[in-house]
file coords-v8.cif (mmCIF, C-alpha atoms)
data_input
loop_
_atom_site.label_atom_id
_atom_site.label_comp_id
_atom_site.auth_asym_id
_atom_site.auth_seq_id
_atom_site.Cartn_x
_atom_site.Cartn_y
_atom_site.Cartn_z
CA MET P 1 -46.74 6.16 14.50
CA PRO P 2 -48.51 3.73 12.12
CA ASP P 3 -47.00 5.79 9.25
CA ASN P 4 -43.48 5.12 10.56
CA THR P 5 -44.14 1.38 10.74
CA LEU P 6 -45.47 1.44 7.19
CA LEU P 7 -42.38 3.32 5.95
CA SER P 8 -40.05 0.97 7.75
CA THR P 9 -41.83 -2.09 6.33
CA ALA P 10 -41.67 -0.58 2.83
CA ALA P 11 -37.91 0.14 3.18
CA TRP P 12 -37.16 -3.40 4.38
CA SER P 13 -39.29 -4.86 1.60
CA LEU P 14 -37.41 -2.84 -1.00
CA LEU P 15 -34.09 -3.96 0.46
CA LEU P 16 -35.22 -7.61 0.40
CA ILE P 17 -36.40 -7.33 -3.22
CA ALA P 18 -33.08 -5.73 -4.17
CA ILE P 19 -31.13 -8.51 -2.41
CA LEU P 20 -33.16 -11.25 -4.07
CA ALA P 21 -33.18 -9.65 -7.51
CA GLY P 22 -29.76 -8.06 -7.33
CA CYS P 23 -27.64 -11.16 -7.28
CA SER P 24 -29.35 -12.94 -10.15
CA THR P 25 -27.09 -14.20 -12.93
CA SER P 26 -28.17 -15.78 -16.18
CA SER P 27 -25.93 -18.07 -18.19
CA ILE P 28 -26.07 -19.67 -21.63
CA VAL P 29 -23.82 -22.65 -22.34
CA ASP P 30 -23.18 -24.00 -25.82
CA GLU P 31 -21.14 -27.11 -26.58
CA GLN P 32 -19.72 -28.69 -29.75
CA ARG P 33 -18.03 -32.09 -29.89
CA SER P 34 -16.11 -33.60 -32.77
CA ASP P 35 -17.46 -37.04 -31.77
CA THR P 36 -19.64 -38.49 -29.05
CA ALA P 37 -16.96 -40.63 -27.41
CA SER P 38 -15.34 -39.38 -24.21
CA LEU P 39 -11.79 -38.10 -24.41
CA GLU P 40 -9.25 -40.52 -23.03
CA LEU P 41 -6.52 -39.55 -20.61
CA SER P 42 -4.11 -42.38 -19.83
CA SER P 43 -2.09 -42.54 -16.65
CA GLY P 44 0.84 -40.15 -16.81
CA GLU P 45 -1.01 -37.90 -19.25
CA ARG P 46 -2.04 -34.42 -18.23
CA LEU P 47 -3.94 -31.47 -19.55
CA VAL P 48 -3.24 -27.77 -19.35
CA ILE P 49 -5.75 -24.93 -19.47
CA MET P 50 -4.42 -21.68 -20.90
CA GLY P 51 -5.75 -18.19 -21.53
CA ARG P 52 -5.53 -16.38 -24.86
CA ARG P 53 -3.66 -13.07 -24.50
CA HIS P 54 -2.81 -12.03 -28.03
CA GLY P 55 -5.53 -9.40 -28.46
CA ASN P 56 -5.06 -5.67 -28.02
CA SER P 57 -8.25 -4.87 -26.18
CA TYR P 58 -8.49 -7.67 -23.59
CA GLU P 59 -6.67 -10.59 -22.02
CA THR P 60 -8.22 -13.75 -20.67
CA GLU P 61 -7.72 -13.29 -16.94
CA PRO P 62 -5.20 -15.62 -15.21
CA ASP P 63 -7.50 -15.87 -12.16
CA PHE P 64 -10.26 -17.20 -14.42
CA ILE P 65 -7.89 -19.83 -15.84
CA ASN P 66 -6.82 -20.78 -12.31
CA CYS P 67 -10.48 -21.11 -11.34
CA ILE P 68 -11.18 -23.57 -14.19
CA SER P 69 -7.90 -25.46 -13.61
CA ASN P 70 -8.69 -25.85 -9.90
CA ASN P 71 -12.27 -26.96 -10.57
CA VAL P 72 -11.16 -29.58 -13.09
CA ALA P 73 -8.23 -30.74 -10.92
CA ASN P 74 -10.37 -30.88 -7.76
CA THR P 75 -12.32 -33.84 -9.09
CA GLY P 76 -9.13 -35.85 -8.52
CA LYS P 77 -9.69 -37.67 -11.82
CA PHE P 78 -7.50 -35.53 -14.06
CA SER P 79 -4.00 -34.23 -13.67
CA VAL P 80 -3.93 -30.55 -14.60
CA MET P 81 -0.65 -28.65 -15.02
CA PRO P 82 -0.84 -25.05 -13.75
CA GLU P 83 -0.77 -22.52 -16.60
CA GLN P 84 2.26 -20.54 -15.34
CA GLU P 85 4.29 -23.71 -14.81
CA PHE P 86 3.56 -24.79 -18.41
CA LEU P 87 4.49 -21.34 -19.78
CA ASP P 88 7.79 -21.31 -17.83
CA THR P 89 8.66 -24.90 -18.77
CA LEU P 90 8.15 -24.17 -22.48
CA TYR P 91 9.41 -20.56 -22.51
CA PRO P 92 9.19 -18.82 -24.97
CA TRP P 93 7.00 -20.99 -27.26
CA PHE P 94 3.62 -20.24 -25.65
CA GLU P 95 4.13 -16.55 -24.84
CA PRO P 96 1.21 -14.32 -26.04
CA ARG P 97 3.07 -13.07 -29.12
CA VAL P 98 4.15 -16.50 -30.37
CA ALA P 99 1.60 -19.02 -29.07
CA PRO P 100 -0.04 -20.95 -31.92
CA LEU P 101 -3.55 -19.70 -32.64
CA LYS P 102 -4.57 -22.63 -34.84
CA LEU P 103 -3.77 -26.34 -35.01
CA GLN P 104 -1.64 -25.71 -38.10
CA GLY P 105 0.56 -23.42 -35.98
CA MET P 106 0.64 -26.00 -33.18
CA SER P 107 1.85 -28.56 -35.68
CA LYS P 108 4.74 -26.22 -36.62
CA THR P 109 5.57 -25.66 -32.94
CA LEU P 110 5.59 -29.41 -32.31
CA ALA P 111 7.93 -29.87 -35.28
CA ILE P 112 10.63 -28.20 -33.14
CA THR P 113 12.34 -31.17 -31.54
CA VAL P 114 13.10 -29.59 -28.16
CA VAL P 115 9.48 -28.46 -27.79
CA ALA P 116 8.01 -31.84 -28.77
CA ASP P 117 10.42 -33.64 -26.41
CA ARG P 118 9.56 -31.35 -23.50
CA ILE P 119 5.79 -31.73 -24.04
CA LYS P 120 6.23 -35.49 -24.13
CA ALA P 121 8.39 -35.41 -21.00
CA ILE P 122 5.80 -33.47 -18.98
CA GLY P 123 2.97 -35.66 -20.31
CA ILE P 124 0.71 -32.98 -21.81
CA ARG P 125 -1.94 -34.67 -23.95
CA TYR P 126 -4.57 -31.91 -24.18
CA VAL P 127 -4.26 -28.14 -24.35
CA ILE P 128 -7.47 -26.28 -23.57
CA TRP P 129 -7.40 -22.67 -24.79
CA VAL P 130 -9.82 -20.28 -23.14
CA ASP P 131 -10.54 -17.00 -24.91
CA GLY P 132 -12.73 -14.23 -23.51
CA SER P 133 -13.15 -11.75 -20.69
CA THR P 134 -15.56 -10.23 -18.21
CA GLU P 135 -16.62 -6.64 -18.86
CA THR P 136 -18.71 -4.09 -17.02
CA THR P 137 -21.29 -3.11 -19.59
CA GLU P 138 -23.57 -0.54 -17.96
CA GLU P 139 -23.27 1.61 -14.86
CA LYS P 140 -26.13 3.64 -13.40
CA GLY P 141 -26.73 5.80 -10.35
CA SER P 142 -24.29 7.33 -7.90
CA MET P 143 -23.30 7.12 -4.28
CA HIS P 144 -21.84 9.76 -2.01
CA CYS P 145 -19.93 9.06 1.16
CA GLY P 146 -19.18 11.76 3.72
CA MET P 147 -16.62 12.03 6.51
CA ALA P 148 -17.38 10.78 10.02
CA PRO P 149 -18.98 11.54 12.46
CA SER P 150 -21.97 13.07 10.66
CA GLY P 151 -21.27 11.34 7.38
CA GLY P 152 -22.19 8.03 5.88
CA CYS P 153 -22.96 6.70 2.43
CA PHE P 154 -26.15 7.58 0.63
CA GLY P 155 -27.33 6.71 -2.84
CA PHE P 156 -27.79 3.82 -5.19
CA LYS P 157 -25.47 2.46 -7.83
CA SER P 158 -25.92 -0.46 -10.21
CA TRP P 159 -23.83 -2.06 -12.88
CA ASP P 160 -24.15 -4.97 -15.30
CA LYS P 161 -21.38 -7.47 -15.98
CA THR P 162 -21.05 -9.75 -18.97
CA SER P 163 -18.74 -12.73 -19.15
CA SER P 164 -18.12 -14.34 -22.51
CA TYR P 165 -15.64 -17.21 -22.82
CA GLU P 166 -14.92 -19.95 -25.31
CA ALA P 167 -12.81 -23.01 -24.52
CA THR P 168 -11.27 -25.08 -27.33
CA ILE P 169 -9.79 -28.52 -26.68
CA TRP P 170 -6.73 -29.59 -28.69
CA ASP P 171 -5.51 -33.17 -28.65
CA LEU P 172 -1.74 -32.98 -29.07
CA LYS P 173 -1.37 -36.72 -29.72
CA HIS P 174 -3.51 -36.65 -32.88
CA LEU P 175 -3.30 -32.89 -33.52
CA THR P 176 -7.06 -32.52 -33.73
CA GLU P 177 -9.67 -30.26 -32.21
CA LYS P 178 -11.91 -32.27 -29.91
CA GLY P 179 -14.56 -29.74 -29.07
CA LYS P 180 -15.60 -26.29 -27.91
CA VAL P 181 -17.54 -24.89 -24.99
CA LYS P 182 -19.00 -21.39 -25.07
CA VAL P 183 -20.39 -19.67 -22.01
CA ASP P 184 -22.14 -16.29 -21.86
CA SER P 185 -23.13 -15.05 -18.40
CA LYS P 186 -24.84 -11.83 -17.41
CA GLY P 187 -25.71 -10.32 -14.10
CA ALA P 188 -26.56 -7.06 -12.37
CA SER P 189 -24.89 -5.87 -9.18
CA TYR P 190 -26.12 -3.17 -6.82
CA MET P 191 -24.69 -0.96 -4.12
CA LEU P 192 -27.14 0.56 -1.65
CA GLY P 193 -25.98 3.45 0.48
CA ILE P 194 -27.95 3.47 3.74
CA ILE P 195 -25.37 5.04 6.06
CA ALA P 196 -23.10 2.06 5.38
CA PRO P 197 -22.65 0.85 1.78
CA ILE P 198 -24.42 -2.48 1.21
CA PRO P 199 -23.01 -4.35 -1.82
CA LEU P 200 -25.14 -6.91 -3.63
CA ILE P 201 -22.67 -8.42 -6.07
CA ALA P 202 -23.63 -10.86 -8.83
CA GLN P 203 -20.94 -13.54 -9.25
CA VAL P 204 -20.97 -13.39 -13.07
CA LYS P 205 -17.39 -14.55 -13.57
CA GLY P 206 -17.74 -17.25 -10.90
CA VAL P 207 -20.84 -18.62 -12.62
CA ALA P 208 -19.05 -18.62 -16.00
CA CYS P 209 -16.12 -20.49 -14.40
CA GLU P 210 -18.42 -23.11 -12.82
CA ASP P 211 -20.34 -23.62 -16.07
CA ILE P 212 -17.30 -23.92 -18.32
CA SER P 213 -15.53 -26.23 -15.81
CA SER P 214 -18.44 -28.65 -15.51
CA GLN P 215 -18.85 -28.81 -19.31
CA LEU P 216 -15.14 -29.48 -19.78
CA LYS P 217 -15.17 -32.25 -17.17
CA GLY P 218 -18.00 -33.85 -19.17
CA PHE P 219 -15.70 -34.25 -22.17
CA PHE P 220 -13.41 -36.70 -20.40
CA SER P 221 -14.07 -40.31 -19.49
CA GLN P 222 -14.76 -40.60 -15.76
CA MET U 223 14.24 25.10 26.01
CA ALA U 224 14.09 27.34 22.94
CA ILE U 225 16.93 25.37 21.34
CA VAL U 226 15.14 22.07 21.99
CA LEU U 227 11.93 23.46 20.47
CA ASN U 228 13.82 24.81 17.45
CA THR U 229 15.52 21.45 16.91
CA LYS U 230 12.18 19.62 17.11
CA PHE U 231 10.62 22.20 14.76
CA SER U 232 13.44 21.84 12.23
CA LEU U 233 13.22 18.04 12.38
CA GLY U 234 9.45 18.13 11.88
CA LEU U 235 9.80 20.58 8.99
CA THR U 236 12.46 18.40 7.36
CA ILE U 237 10.22 15.33 7.61
CA ILE U 238 7.26 17.27 6.10
CA VAL U 239 9.40 18.64 3.25
CA TYR U 240 10.81 15.15 2.62
CA LEU U 241 7.32 13.64 2.55
CA LEU U 242 6.09 16.38 0.21
CA LEU U 243 9.01 15.79 -2.15
CA THR U 244 8.75 12.00 -2.16
CA GLY U 245 4.98 11.71 -1.70
CA CYS U 246 4.15 11.59 -5.42
CA SER U 247 7.11 9.45 -6.38
CA THR U 248 6.94 5.77 -7.34
CA HIS U 249 10.15 3.78 -7.41
CA VAL U 250 10.02 0.21 -8.66
CA VAL U 251 13.01 -2.11 -8.65
CA ILE U 252 12.37 -5.01 -11.01
CA THR U 253 13.24 -8.33 -9.41
CA GLY U 254 12.38 -11.95 -10.05
CA GLU U 255 13.76 -14.85 -11.99
CA HIS U 256 13.21 -15.36 -15.71
CA PRO U 257 12.56 -18.90 -16.93
CA PRO U 258 15.37 -20.69 -18.79
CA VAL U 259 14.89 -20.77 -22.56
CA LEU U 260 13.91 -23.94 -24.39
CA VAL U 261 15.86 -23.87 -27.63
CA GLN U 262 18.40 -25.94 -29.56
CA PRO U 263 21.63 -23.93 -29.08
CA LEU U 264 23.62 -22.74 -32.10
CA ASP U 265 27.22 -23.91 -32.05
CA TYR U 266 28.95 -20.51 -31.87
CA ASN U 267 31.16 -18.68 -29.42
CA VAL U 268 29.48 -15.36 -28.66
CA GLY U 269 30.52 -12.32 -26.65
CA LEU U 270 27.64 -10.53 -24.93
CA VAL U 271 28.67 -6.99 -24.05
CA LEU U 272 26.63 -5.64 -21.16
CA ASN U 273 28.07 -2.25 -20.26
CA SER U 274 27.19 -0.21 -17.19
CA SER U 275 24.52 1.82 -18.99
CA PHE U 276 22.70 -1.48 -19.56
CA THR U 277 23.37 -3.21 -16.23
CA ASP U 278 22.50 -0.09 -14.19
CA TYR U 279 19.64 1.07 -16.42
CA SER U 280 16.91 3.04 -14.73
CA PHE U 281 13.94 4.79 -16.34
CA THR U 282 12.54 8.05 -14.96
CA ARG U 283 9.33 9.81 -15.97
CA GLU U 284 8.01 13.03 -14.47
CA LYS U 285 4.50 14.02 -15.50
CA ASP U 286 1.78 16.01 -13.71
CA ASP U 287 3.73 16.14 -10.41
CA GLN U 288 4.06 12.37 -10.49
CA LYS U 289 7.51 10.85 -10.68
CA ILE U 290 8.01 7.23 -11.75
CA ILE U 291 11.36 5.46 -11.52
CA ILE U 292 11.75 1.92 -12.81
CA THR U 293 15.11 0.28 -12.13
CA LEU U 294 15.47 -2.75 -14.37
CA GLY U 295 19.22 -3.03 -14.91
CA ASP U 296 19.69 -6.18 -12.82
CA SER U 297 16.64 -7.89 -14.21
CA GLN U 298 17.45 -7.23 -17.88
CA THR U 299 21.09 -8.25 -17.28
CA GLN U 300 19.90 -11.60 -15.91
CA LEU U 301 17.42 -11.98 -18.78
CA PHE U 302 19.92 -11.25 -21.57
CA SER U 303 22.64 -13.44 -20.00
CA GLN U 304 20.19 -16.32 -19.70
CA ILE U 305 18.84 -15.86 -23.23
CA PHE U 306 22.23 -15.80 -24.97
CA GLU U 307 23.53 -18.69 -22.84
CA GLY U 308 20.49 -20.58 -24.17
CA ILE U 309 20.76 -19.56 -27.83
CA PHE U 310 24.51 -20.34 -28.19
CA THR U 311 26.69 -23.17 -26.93
CA SER U 312 29.26 -20.70 -25.58
CA THR U 313 28.54 -17.17 -24.35
CA GLN U 314 31.03 -14.90 -22.62
CA ARG U 315 29.69 -11.92 -20.73
CA LEU U 316 31.83 -8.81 -21.23
CA GLN U 317 31.76 -5.21 -20.07
CA VAL U 318 33.39 -3.70 -23.16
CA LYS U 319 33.64 -4.67 -26.82
CA PRO U 320 36.60 -7.07 -27.15
CA GLN U 321 39.68 -6.54 -29.33
CA ILE U 322 39.83 -8.86 -32.34
CA THR U 323 43.32 -10.17 -31.67
CA THR U 324 43.00 -10.88 -27.96
CA ASN U 325 39.77 -12.81 -27.85
CA PRO U 326 38.40 -14.12 -31.17
CA MET U 327 34.69 -14.80 -31.14
CA ASP U 328 32.17 -15.74 -33.81
CA LEU U 329 29.77 -12.96 -32.86
CA VAL U 330 29.69 -10.02 -30.51
CA VAL U 331 26.30 -8.70 -29.39
CA ILE U 332 25.87 -5.31 -27.73
CA PRO U 333 22.33 -4.60 -26.55
CA ARG U 334 21.11 -1.22 -25.35
CA VAL U 335 17.80 0.24 -24.25
CA GLU U 336 16.64 2.74 -26.87
CA LYS U 337 13.38 3.76 -25.27
CA LEU U 338 11.07 2.85 -22.42
CA GLN U 339 7.50 4.12 -22.25
CA VAL U 340 4.94 3.79 -19.50
CA SER U 341 1.21 4.27 -19.73
CA MET U 342 -0.94 4.60 -16.61
CA PRO U 343 -4.60 3.41 -16.43
CA ASP U 344 -6.04 6.95 -16.60
CA GLU U 345 -4.08 7.68 -19.79
CA THR U 346 -5.72 5.04 -22.02
CA SER U 347 -9.12 3.50 -22.57
CA LEU U 348 -7.78 0.07 -21.60
CA ASN U 349 -7.53 1.06 -17.94
CA VAL U 350 -4.42 -1.05 -17.35
CA PHE U 351 -0.73 -0.31 -16.72
CA GLU U 352 1.36 -0.71 -19.89
CA VAL U 353 5.12 -0.75 -20.50
CA TRP U 354 6.96 -0.67 -23.83
CA ILE U 355 10.70 -1.32 -24.05
CA GLN U 356 12.65 -0.82 -27.26
CA TYR U 357 16.02 -2.54 -27.42
CA LYS U 358 18.64 -2.17 -30.12
CA LEU U 359 21.11 -5.03 -30.56
CA GLU U 360 24.32 -4.36 -32.46
CA ILE U 361 25.74 -7.61 -33.84
CA PHE U 362 29.38 -7.78 -34.96
CA ASP U 363 31.33 -10.57 -36.67
CA THR U 364 34.77 -11.99 -35.82
CA ASN U 365 36.48 -9.06 -37.56
CA SER U 366 34.50 -6.58 -35.50
CA ALA U 367 32.51 -5.55 -38.57
CA LEU U 368 28.86 -4.68 -37.96
CA ILE U 369 26.58 -7.40 -39.37
CA THR U 370 23.32 -5.77 -38.43
CA GLU U 371 21.46 -3.57 -35.97
CA TRP U 372 18.32 -5.29 -34.72
CA SER U 373 15.45 -3.42 -33.05
CA VAL U 374 13.25 -5.35 -30.66
CA SER U 375 10.09 -3.66 -29.36
CA SER U 376 8.50 -5.44 -26.44
CA TYR U 377 5.23 -4.83 -24.64
CA GLY U 378 3.81 -5.74 -21.26
CA ARG U 379 0.71 -4.87 -19.31
CA THR U 380 -0.97 -5.72 -16.07
CA GLN U 381 -3.20 -8.74 -16.35
CA THR U 382 -5.69 -7.39 -13.86
CA ARG U 383 -7.01 -3.91 -13.17
CA PHE U 384 -7.22 -4.47 -9.44
CA LEU U 385 -3.66 -4.73 -8.18
CA LYS U 386 -2.53 -3.82 -4.70
CA SER U 387 -0.48 -0.77 -5.68
CA THR U 388 1.00 1.24 -8.55
CA GLU U 389 4.38 -0.31 -7.67
CA SER U 390 3.18 -3.90 -8.04
CA ALA U 391 1.29 -3.03 -11.24
CA LEU U 392 4.37 -1.42 -12.84
CA HIS U 393 6.47 -4.35 -11.66
CA GLN U 394 4.12 -6.83 -13.32
CA ALA U 395 3.87 -4.83 -16.57
CA THR U 396 7.68 -4.38 -16.81
CA ASN U 397 8.34 -8.06 -16.11
CA SER U 398 5.83 -8.93 -18.78
CA ALA U 399 7.61 -6.62 -21.27
CA LEU U 400 10.98 -8.21 -20.40
CA ARG U 401 9.50 -11.66 -20.94
CA ASP U 402 8.17 -10.53 -24.32
CA ALA U 403 11.59 -9.14 -25.30
CA GLY U 404 13.18 -12.47 -24.37
CA ALA U 405 10.66 -14.40 -26.46
CA GLN U 406 11.29 -12.21 -29.51
CA ILE U 407 15.07 -12.47 -29.25
CA VAL U 408 15.08 -16.26 -28.79
CA ILE U 409 12.69 -16.94 -31.66
CA GLY U 410 13.79 -14.15 -33.96
CA PHE U 411 17.59 -14.21 -33.69
CA ASN U 412 18.36 -16.70 -36.45
CA ARG U 413 15.46 -15.38 -38.56
CA ILE U 414 17.19 -12.01 -39.08
CA PRO U 415 18.09 -12.05 -42.82
CA LYS U 416 21.66 -10.77 -42.29
CA ILE U 417 22.26 -13.31 -39.51
CA ARG U 418 20.91 -16.09 -41.73
CA ASP U 419 23.29 -14.99 -44.51
CA TRP U 420 26.15 -14.90 -42.00
CA VAL U 421 25.29 -18.42 -40.77
CA LYS U 422 25.21 -19.66 -44.40
CA ARG U 423 28.63 -18.10 -45.12
CA LYS U 424 30.04 -19.43 -41.86
CA THR U 425 28.70 -22.94 -42.48
CA GLY U 426 30.03 -22.81 -46.07
CA SER U 427 33.52 -21.73 -45.00
CA ASN U 428 33.61 -24.36 -42.22
CA ASN U 429 32.59 -27.08 -44.68
CA ALA U 430 35.25 -25.94 -47.17
CA ARG U 431 38.03 -26.42 -44.59
#

call {"tool": "encode", "arguments": {"input": "coords-v8.cif", "output": "structure tokens"}}
result
Amino acid sequence: MPDNTLLSTAAWSLLLIAILAGCSTSSIVDEQRSDTASLELSSGERLVIMGRRHGNSYETEPDFINCISNNVANTGKFSVMPEQEFLDTLYPWFEPRVAPLKLQGMSKTLAITVVADRIKAIGIRYVIWVDGSTETTEEKGSMHCGMAPSGGCFGFKSWDKTSSYEATIWDLKHLTEKGKVKVDSKGASYMLGIIAPIPLIAQVKGVACEDISSQLKGFFSQ
Amino acid sequence: MAIVLNTKFSLGLTIIVYLLLTGCSTHVVITGEHPPVLVQPLDYNVGLVLNSSFTDYSFTREKDDQKIIITLGDSQTQLFSQIFEGIFTSTQRLQVKPQITTNPMDLVVIPRVEKLQVSMPDETSLNVFEVWIQYKLEIFDTNSALITEWSVSSYGRTQTRFLKSTESALHQATNSALRDAGAQIVIGFNRIPKIRDWVKRKTGSNNAR
């Protein structure tokens, strides 16, 4: 009987350790500014946050861009145009294949009268490009689930996720780069199979979104 | 009683056979609006010939007991109409190539789908749904002489690996490929060397009058 109590205590302790350790996420944030002054955003001026999607191997996820846009817009201090609305309004000039990758290219795009007029009409002052993705880097273990009634899930599975994103701020009024924010987040997630599967998910992408959003907000005058 | 049982049995068997035949089939009808194009229109009268093989276009792939059908005729018809109405000041949509004498136009464009390819997540290392569409556009002048044949290869993929179904993933990838085709046509049309030469000649002859 005492043996059973000991086993049970050990199992619960292990589970608690896994829960506490499992959801840990580490994040490194790096910031560069072209000058120390805050970026100005006059009334009627807006910013747009867009994902880079020109690469072959990955695309910056639209849900990640929405997350940053919502976080920045939720402060109520900045007007943020949704990415899809901007892309549709300026179709086809910011589609993945043709979007300017450098300021020199942006200057050429803005030399097209209809594009410059439309950007002025919708009040876009800053374009913030976000480039990166979240990848699953390492998977270990396995889990097996059987059919009811005698079944259930047994086993242990873990995986690491890495988020790496870089945001670059372009000022369209002066055609200059105002700064960069780089975020690297890592975290391990676990799935315990004790009859029912118990997921312990690290919010790696969520942490990266929070970090990049708060850094970007810091660029603008409050 | 035996007749009733036989009828029920036949009905059940028919349903099972139907489910077996259609069970591994995915049919996607591409819908949705395309955004209007933002471009300074060229001052030409253009005939856009969209024949039934284009407006009713459907792609079918059968591989490993899995059948995929993508119907994109309506969507690409809407896209091409919208694009050419944006690129030129006057665009007439036609079903067949016009006669020179009856309806003079500056240009006549006849697009057709050359090839459509689909790649499923388990077929590549990217683990996403991908769609490639290759269009060929035949461009004729006022005298019905071929100016050029222009190939446009467009690409689209799902932006997330976790979509609700194969249908919605293929829908998203195809729409993305159509959007890419539109972008290439709008930006590339007057950059085609033979079209640029034609514009130069046309502008020269108009100025001479």

call {"tool": "resolve_selection", "arguments": {"input": "coords-v8.cif", "expression": "the PyMOL selection byres ((chain P) within 10 of (chain U))", "output": "list in words"}}
result
Arg53, Asn56, Ser57, Tyr58, Glu59, Thr60, Glu61, Pro62, Asp63, Glu85, Leu87, Asp88, Thr89, Leu90, Tyr91, Pro92, Trp93, Phe94, Glu95, Pro96, Arg97, Val98, Ile112, Thr113, Val114, Val115 and Arg118 of chain P

call {"tool": "atom_distance", "arguments": {"input": "coords-v8.cif", "atom1": "CA of Asp265 in chain U", "atom2": "CA of Gly308 in chain U"}}
result
10.9 Å

call {"tool": "atom_distance", "arguments": {"input": "coords-v8.cif", "atom1": "CA of Lys422 in chain U", "atom2": "CA of Pro326 in chain U"}}
result
19.5 Å

call {"tool": "atom_distance", "arguments": {"input": "coords-v8.cif", "atom1": "CA of Lys186 in chain P", "atom2": "CA of Glu138 in chain P"}}
result
11.4 Å

call {"tool": "residues_around", "arguments": {"input": "coords-v8.cif", "residues": "Leu329 in chain U", "least_positions_apart": "3", "cutoff": "9 Å", "atoms": "only C-alpha atoms", "output": "PyMOL selection string"}}
result
chain U and resi 266-270+326+361-364+366

call {"tool": "resolve_selection", "arguments": {"input": "coords-v8.cif", "expression": "the PyMOL selection byres ((chain P and resi 102) around 12)", "output": "list in words"}}
result
Arg52, Val98, Ala99, Pro100, Leu101, Leu103, Gln104, Gly105, Met106, Ser107, Lys108, Thr109, Val127, Trp129, Thr168, Ile169, Trp170, Leu175, Thr176 and Glu177 of chain P

call {"tool": "write_last_selection", "arguments": {"input": "coords-v8.cif", "atoms": "C-alpha atoms", "output": "JSON list (two decimals), in the coordinates of the input"}}
result
[["chain", "number", "residue", "atom", "x", "y", "z"],
["P", 52, "ARG", "CA", -5.53, -16.38, -24.86],
["P", 98, "VAL", "CA", 4.15, -16.50, -30.37],
["P", 99, "ALA", "CA", 1.60, -19.02, -29.07],
["P", 100, "PRO", "CA", -0.04, -20.95, -31.92],
["P", 101, "LEU", "CA", -3.55, -19.70, -32.64],
["P", 103, "LEU", "CA", -3.77, -26.34, -35.01],
["P", 104, "GLN", "CA", -1.64, -25.71, -38.10],
["P", 105, "GLY", "CA", 0.56, -23.42, -35.98],
["P", 106, "MET", "CA", 0.64, -26.00, -33.18],
["P", 107, "SER", "CA", 1.85, -28.56, -35.68],
["P", 108, "LYS", "CA", 4.74, -26.22, -36.62],
["P", 109, "THR", "CA", 5.57, -25.66, -32.94],
["P", 127, "VAL", "CA", -4.26, -28.14, -24.35],
["P", 129, "TRP", "CA", -7.40, -22.67, -24.79],
["P", 168, "THR", "CA", -11.27, -25.08, -27.33],
["P", 169, "ILE", "CA", -9.79, -28.52, -26.68],
["P", 170, "TRP", "CA", -6.73, -29.59, -28.69],
["P", 175, "LEU", "CA", -3.30, -32.89, -33.52],
["P", 176, "THR", "CA", -7.06, -32.52, -33.73],
["P", 177, "GLU", "CA", -9.67, -30.26, -32.21]]

call {"tool": "axis_aligned_box", "arguments": {"input": "coords-v8.cif", "around": "range 387-399 of chain U", "padding_each_side": "5 Å", "output": "lines of an AutoDock Vina configuration file"}}
result
center_x = 3.9
center_y = -3.8
center_z = -13.5
size_x = 18.8
size_y = 20.2
size_z = 25.6

call {"tool": "closest_residue", "arguments": {"input": "coords-v8.cif", "among": "P:Ser142, P:Ser189, P:Ser133, P:Ser79", "to": "Asp160 in chain P", "atoms": "all atoms listed in the file"}}
result
P:Ser189

call {"tool": "decode", "arguments": {"input": "coords-v8.cif", "residues": "range 60-69 of chain P", "atoms": "N, CA and C atoms", "output": "PDB file, in the first residue's frame"}}
result
ATOM      1  N   THR P  60       6.000  34.058 -44.724  1.00  0.00           N
ATOM      2  CA  THR P  60       5.638  34.629 -43.427  1.00  0.00           C
ATOM      3  C   THR P  60       4.118  34.464 -43.277  1.00  0.00           C
ATOM      4  N   GLU P  61       3.719  33.834 -42.189  1.00  0.00           N
ATOM      5  CA  GLU P  61       2.328  33.410 -42.044  1.00  0.00           C
ATOM      6  C   GLU P  61       1.368  34.600 -41.892  1.00  0.00           C
ATOM      7  N   PRO P  62       0.251  34.609 -42.645  1.00  0.00           N
ATOM      8  CA  PRO P  62      -0.721  35.706 -42.516  1.00  0.00           C
ATOM      9  C   PRO P  62      -1.277  35.836 -41.093  1.00  0.00           C
ATOM     10  N   ASP P  63      -1.432  34.700 -40.381  1.00  0.00           N
ATOM     11  CA  ASP P  63      -1.970  34.795 -39.014  1.00  0.00           C
ATOM     12  C   ASP P  63      -0.982  35.498 -38.084  1.00  0.00           C
ATOM     13  N   PHE P  64       0.309  35.371 -38.368  1.00  0.00           N
ATOM     14  CA  PHE P  64       1.322  36.057 -37.566  1.00  0.00           C
ATOM     15  C   PHE P  64       1.253  37.567 -37.817  1.00  0.00           C
ATOM     16  N   ILE P  65       1.057  37.927 -39.081  1.00  0.00           N
ATOM     17  CA  ILE P  65       0.932  39.351 -39.446  1.00  0.00           C
ATOM     18  C   ILE P  65      -0.333  39.942 -38.807  1.00  0.00           C
ATOM     19  N   ASN P  66      -1.423  39.168 -38.845  1.00  0.00           N
ATOM     20  CA  ASN P  66      -2.668  39.634 -38.216  1.00  0.00           C
ATOM     21  C   ASN P  66      -2.467  39.841 -36.726  1.00  0.00           C
ATOM     22  N   CYS P  67      -1.715  38.930 -36.107  1.00  0.00           N
ATOM     23  CA  CYS P  67      -1.450  39.017 -34.671  1.00  0.00           C
ATOM     24  C   CYS P  67      -0.723  40.326 -34.349  1.00  0.00           C
ATOM     25  N   ILE P  68       0.325  40.651 -35.121  1.00  0.00           N
ATOM     26  CA  ILE P  68       1.070  41.897 -34.860  1.00  0.00           C
ATOM     27  C   ILE P  68       0.168  43.107 -35.137  1.00  0.00           C
ATOM     28  N   SER P  69      -0.531  43.063 -36.287  1.00  0.00           N
ATOM     29  CA  SER P  69      -1.411  44.189 -36.657  1.00  0.00           C
ATOM     30  C   SER P  69      -2.430  44.449 -35.553  1.00  0.00           C
TER      31      SER P  69
END
